[in-house]
>>> print(open('model.cif').read())   # mmCIF, C-alpha atoms
data_model
loop_
_atom_site.label_atom_id
_atom_site.label_comp_id
_atom_site.auth_asym_id
_atom_site.auth_seq_id
_atom_site.Cartn_x
_atom_site.Cartn_y
_atom_site.Cartn_z
CA MET A 1 140.44 172.71 66.60
CA LEU A 2 139.68 170.43 63.66
CA GLN A 3 142.53 168.19 64.69
CA ASN A 4 141.07 167.94 68.23
CA ALA A 5 137.66 167.06 66.78
CA ARG A 6 139.26 164.32 64.66
CA SER A 7 141.16 163.02 67.67
CA PHE A 8 137.96 162.97 69.73
CA ALA A 9 136.06 161.19 66.93
CA THR A 10 138.88 158.64 66.59
CA SER A 11 138.93 157.91 70.34
CA GLY A 12 135.13 157.63 70.29
CA ALA A 13 135.36 155.18 67.40
CA ARG A 14 137.93 153.15 69.35
CA LEU A 15 135.61 152.97 72.36
CA GLN A 16 132.74 151.87 70.10
CA CYS A 17 134.94 149.14 68.59
CA LEU A 18 135.95 147.95 72.07
CA LEU A 19 132.32 147.82 73.17
CA ALA A 20 131.30 146.01 69.97
CA LEU A 21 134.03 143.43 70.57
CA LEU A 22 132.94 142.91 74.18
CA LEU A 23 129.31 142.54 73.17
CA ALA A 24 130.12 140.21 70.27
CA THR A 25 132.05 137.86 72.52
CA ALA A 26 129.26 137.89 75.11
CA CYS A 27 126.41 137.26 72.70
CA GLY A 28 127.51 133.90 71.31
CA GLN A 29 125.00 131.07 71.09
CA GLY A 30 125.24 128.22 73.56
CA ILE A 31 127.71 129.79 75.97
CA SER A 32 127.76 128.03 79.29
CA VAL A 33 129.11 129.70 82.39
CA SER A 34 131.25 127.69 84.73
CA PRO A 35 130.34 127.99 88.41
CA ASN A 36 133.99 128.96 88.98
CA ALA A 37 133.97 131.69 86.32
CA GLU A 38 135.54 134.96 87.34
CA PRO A 39 133.48 138.15 86.83
CA LEU A 40 134.61 140.63 84.20
CA ARG A 41 136.10 143.63 85.94
CA ILE A 42 136.37 146.89 84.05
CA GLY A 43 138.49 149.70 85.37
CA PHE A 44 139.61 153.11 84.21
CA GLY A 45 142.89 154.62 85.32
CA ILE A 46 142.31 158.13 84.03
CA GLY A 47 141.12 160.00 87.10
CA ASP A 48 137.92 160.99 88.85
CA SER A 49 136.23 162.41 85.74
CA ALA A 50 136.04 158.94 84.19
CA LYS A 51 134.42 157.57 87.33
CA GLY A 52 131.82 160.32 87.20
CA ALA A 53 130.99 160.15 83.51
CA GLY A 54 132.68 157.45 81.45
CA LEU A 55 132.41 154.42 83.67
CA PRO A 56 128.65 154.67 84.34
CA ALA A 57 128.02 155.12 80.60
CA LEU A 58 130.12 152.05 79.79
CA THR A 59 128.41 150.02 82.52
CA ASP A 60 124.97 151.01 81.21
CA LEU A 61 125.92 149.87 77.71
CA LEU A 62 126.87 146.44 78.99
CA TYR A 63 124.17 145.51 81.52
CA ALA A 64 121.06 147.32 80.25
CA GLU A 65 119.44 147.75 76.85
CA SER A 66 117.20 150.39 75.36
CA LEU A 67 113.86 149.87 73.64
CA LEU A 68 115.24 151.26 70.39
CA SER A 69 118.68 151.80 68.96
CA ARG A 70 120.14 154.25 66.45
CA GLU A 71 121.78 153.13 63.23
CA MET A 72 124.92 154.92 62.02
CA ASP A 73 122.75 157.06 59.71
CA GLY A 74 120.50 158.12 62.62
CA ARG A 75 117.52 155.88 61.80
CA GLN A 76 115.82 154.14 64.71
CA THR A 77 115.90 150.37 64.83
CA GLU A 78 114.50 147.68 67.14
CA ARG A 79 116.25 146.63 70.31
CA LEU A 80 113.84 145.46 73.04
CA VAL A 81 110.82 146.18 70.83
CA THR A 82 109.80 144.45 67.61
CA THR A 83 107.61 147.22 66.19
CA TRP A 84 106.32 150.68 66.93
CA ARG A 85 103.52 152.71 65.40
CA TRP A 86 102.16 156.22 65.73
CA GLU A 87 98.47 157.06 65.93
CA ASP A 88 96.30 160.14 66.42
CA GLY A 89 98.50 162.42 64.34
CA GLY A 90 101.66 161.57 66.29
CA ARG A 91 100.12 161.95 69.76
CA VAL A 92 100.02 158.23 70.60
CA LEU A 93 102.96 155.83 70.27
CA HIS A 94 102.60 152.05 70.66
CA LEU A 95 105.72 149.91 71.25
CA ARG A 96 105.47 146.11 71.07
CA LEU A 97 108.07 144.30 73.20
CA LYS A 98 110.08 141.29 72.05
CA GLU A 99 108.89 137.96 73.40
CA GLY A 100 110.99 135.88 75.76
CA VAL A 101 113.21 138.67 77.11
CA GLN A 102 114.09 138.37 80.78
CA PHE A 103 115.87 140.54 83.30
CA HIS A 104 119.03 139.06 84.82
CA ASP A 105 117.07 137.88 87.86
CA GLY A 106 114.72 135.82 85.65
CA THR A 107 111.80 138.27 85.76
CA PRO A 108 110.10 138.48 82.35
CA LEU A 109 110.26 141.85 80.59
CA THR A 110 106.64 143.00 80.55
CA ALA A 111 104.94 146.16 79.38
CA SER A 112 103.90 147.00 82.94
CA LEU A 113 107.52 146.87 84.19
CA VAL A 114 108.74 148.93 81.22
CA ALA A 115 105.97 151.50 81.73
CA GLU A 116 106.80 151.73 85.44
CA SER A 117 110.49 152.21 84.66
CA LEU A 118 109.76 154.91 82.08
CA ARG A 119 107.28 156.84 84.22
CA ALA A 120 110.16 157.96 86.45
CA THR A 121 112.03 159.17 83.36
CA VAL A 122 109.00 161.13 82.18
CA GLU A 123 108.57 162.70 85.61
CA LYS A 124 112.21 163.82 85.69
CA ALA A 125 111.89 165.31 82.18
CA ARG A 126 108.87 167.35 83.24
CA ASN A 127 110.93 168.90 86.03
CA SER A 128 113.94 169.69 83.82
CA SER A 129 114.71 170.95 80.37
CA GLY A 130 115.30 167.46 78.99
CA VAL A 131 114.34 166.86 75.38
CA GLY A 132 112.19 163.93 74.34
CA PHE A 133 109.74 163.32 77.16
CA GLU A 134 108.32 166.77 77.94
CA HIS A 135 105.13 166.22 75.89
CA VAL A 136 104.39 162.77 77.34
CA THR A 137 101.31 162.79 79.57
CA ALA A 138 101.01 159.03 80.18
CA VAL A 139 102.99 155.82 79.83
CA THR A 140 100.76 152.77 80.12
CA ALA A 141 100.85 149.04 79.53
CA THR A 142 97.94 148.53 77.17
CA THR A 143 98.62 144.78 76.83
CA ASP A 144 101.20 142.40 78.34
CA ASP A 145 103.61 143.23 75.51
CA THR A 146 102.60 146.76 74.44
CA VAL A 147 103.67 150.04 76.02
CA THR A 148 101.70 153.13 74.97
CA PHE A 149 102.83 156.75 75.23
CA THR A 150 100.23 159.51 75.13
CA LEU A 151 101.51 162.97 74.20
CA THR A 152 100.01 166.46 74.27
CA GLN A 153 101.49 167.09 70.82
CA PRO A 154 103.69 165.25 68.32
CA ASP A 155 107.34 165.09 69.41
CA MET A 156 110.01 164.14 66.92
CA PHE A 157 112.54 163.65 69.73
CA LEU A 158 110.68 160.90 71.61
CA LEU A 159 112.08 157.94 69.64
CA SER A 160 115.59 159.35 69.97
CA ALA A 161 115.11 159.81 73.72
CA LEU A 162 113.91 156.20 73.99
CA SER A 163 117.12 155.11 72.24
CA ASP A 164 119.13 156.79 75.00
CA ARG A 165 117.10 155.41 77.92
CA LYS A 166 118.21 152.01 79.22
CA ILE A 167 115.50 149.77 80.65
CA VAL A 168 116.19 148.39 84.11
CA HIS A 169 113.97 146.65 86.62
CA PRO A 170 111.99 149.45 88.35
CA GLN A 171 112.56 148.09 91.87
CA LYS A 172 116.10 146.81 91.22
CA PRO A 173 118.10 149.39 89.23
CA ASP A 174 121.16 147.13 88.86
CA ILE A 175 119.09 144.46 87.09
CA GLY A 176 118.94 144.84 83.30
CA THR A 177 118.61 142.69 80.18
CA GLY A 178 122.02 143.24 78.55
CA PRO A 179 124.75 140.69 77.83
CA PHE A 180 126.46 141.30 81.19
CA ARG A 181 125.05 141.58 84.68
CA ILE A 182 126.29 143.68 87.58
CA VAL A 183 127.62 141.51 90.38
CA SER A 184 128.75 144.36 92.61
CA ARG A 185 129.58 148.04 92.50
CA THR A 186 132.88 148.74 94.20
#
>>> encode(input="model.cif", output="structure tokens")
Amino acid sequence: MLQNARSFATSGARLQCLLALLLATACGQGISVSPNAEPLRIGFGIGDSAKGAGLPALTDLLYAESLLSREMDGRQTERLVTTWRWEDGGRVLHLRLKEGVQFHDGTPLTASLVAESLRATVEKARNSSGVGFEHVTAVTATTDDTVTFTLTQPDMFLLSALSDRKIVHPQKPDIGTGPFRIVSRT
């Protein structure tokens, strides 16, 4: 069993390295895209289970970003936000968005769009046993660049849950802010 765990960890590390390489090559400064450029096509040849689980996870990593990210030691770090702060004994969380971020269609990333996108997540969590959003009573845009969460009680899992949630345009779920954009789903 320990050998299987090591094998799983090694294959997971390989996937992380592959994703890091893909992201590093896509995030270079001054890249221009030729009008004749071919889209990147990613395929898995390992059966239906990869289509149901692995491929959507990989796609999400490439076209959409989360508000926060997790370091290797588990600490939260900025992704689409520059800062966050807790108030009212851990019952109010303010997230300040980075300036100048745009969705792939050119729409600016605003607090109102992020709040709208996250309200659906909160609603789903209330109707399931999901961890991280069950104590959230409101997600609001308090300024153009600040999203505020109001909770019934402090929740140590909220930041972690935000690290797992990718932000997409609320009316266009295939439009994100990541280094790649979805051209088609086939």
>>> resolve_selection(input="model.cif", expression="the PyMOL selection byres ((chain A and resi 106) around 12)", output="VMD selection string")
chain A and resid 100 to 105 107 to 110 169 175 to 177 181
>>> axis_aligned_box(input="model.cif", around="stretch 90-93 of chain A", padding_each_side="8 Å", output="lines of an AutoDock Vina configuration file")
center_x = 101.5
center_y = 158.9
center_z = 68.4
size_x = 18.9
size_y = 22.1
size_z = 20.3
>>> closest_residue(input="model.cif", among="A:Leu113, A:Arg96, A:Asp145, A:Leu68", to="A:Pro173", atoms="only C-alpha atoms")
A:Leu113
>>> atom_distance(input="model.cif", atom1="atom CA of A:Ser160", atom2="atom CA of A:Pro179")
22.2 Å
>>> atom_distance(input="model.cif", atom1="atom CA of A:Phe180", atom2="atom CA of A:Ser163")
18.9 Å
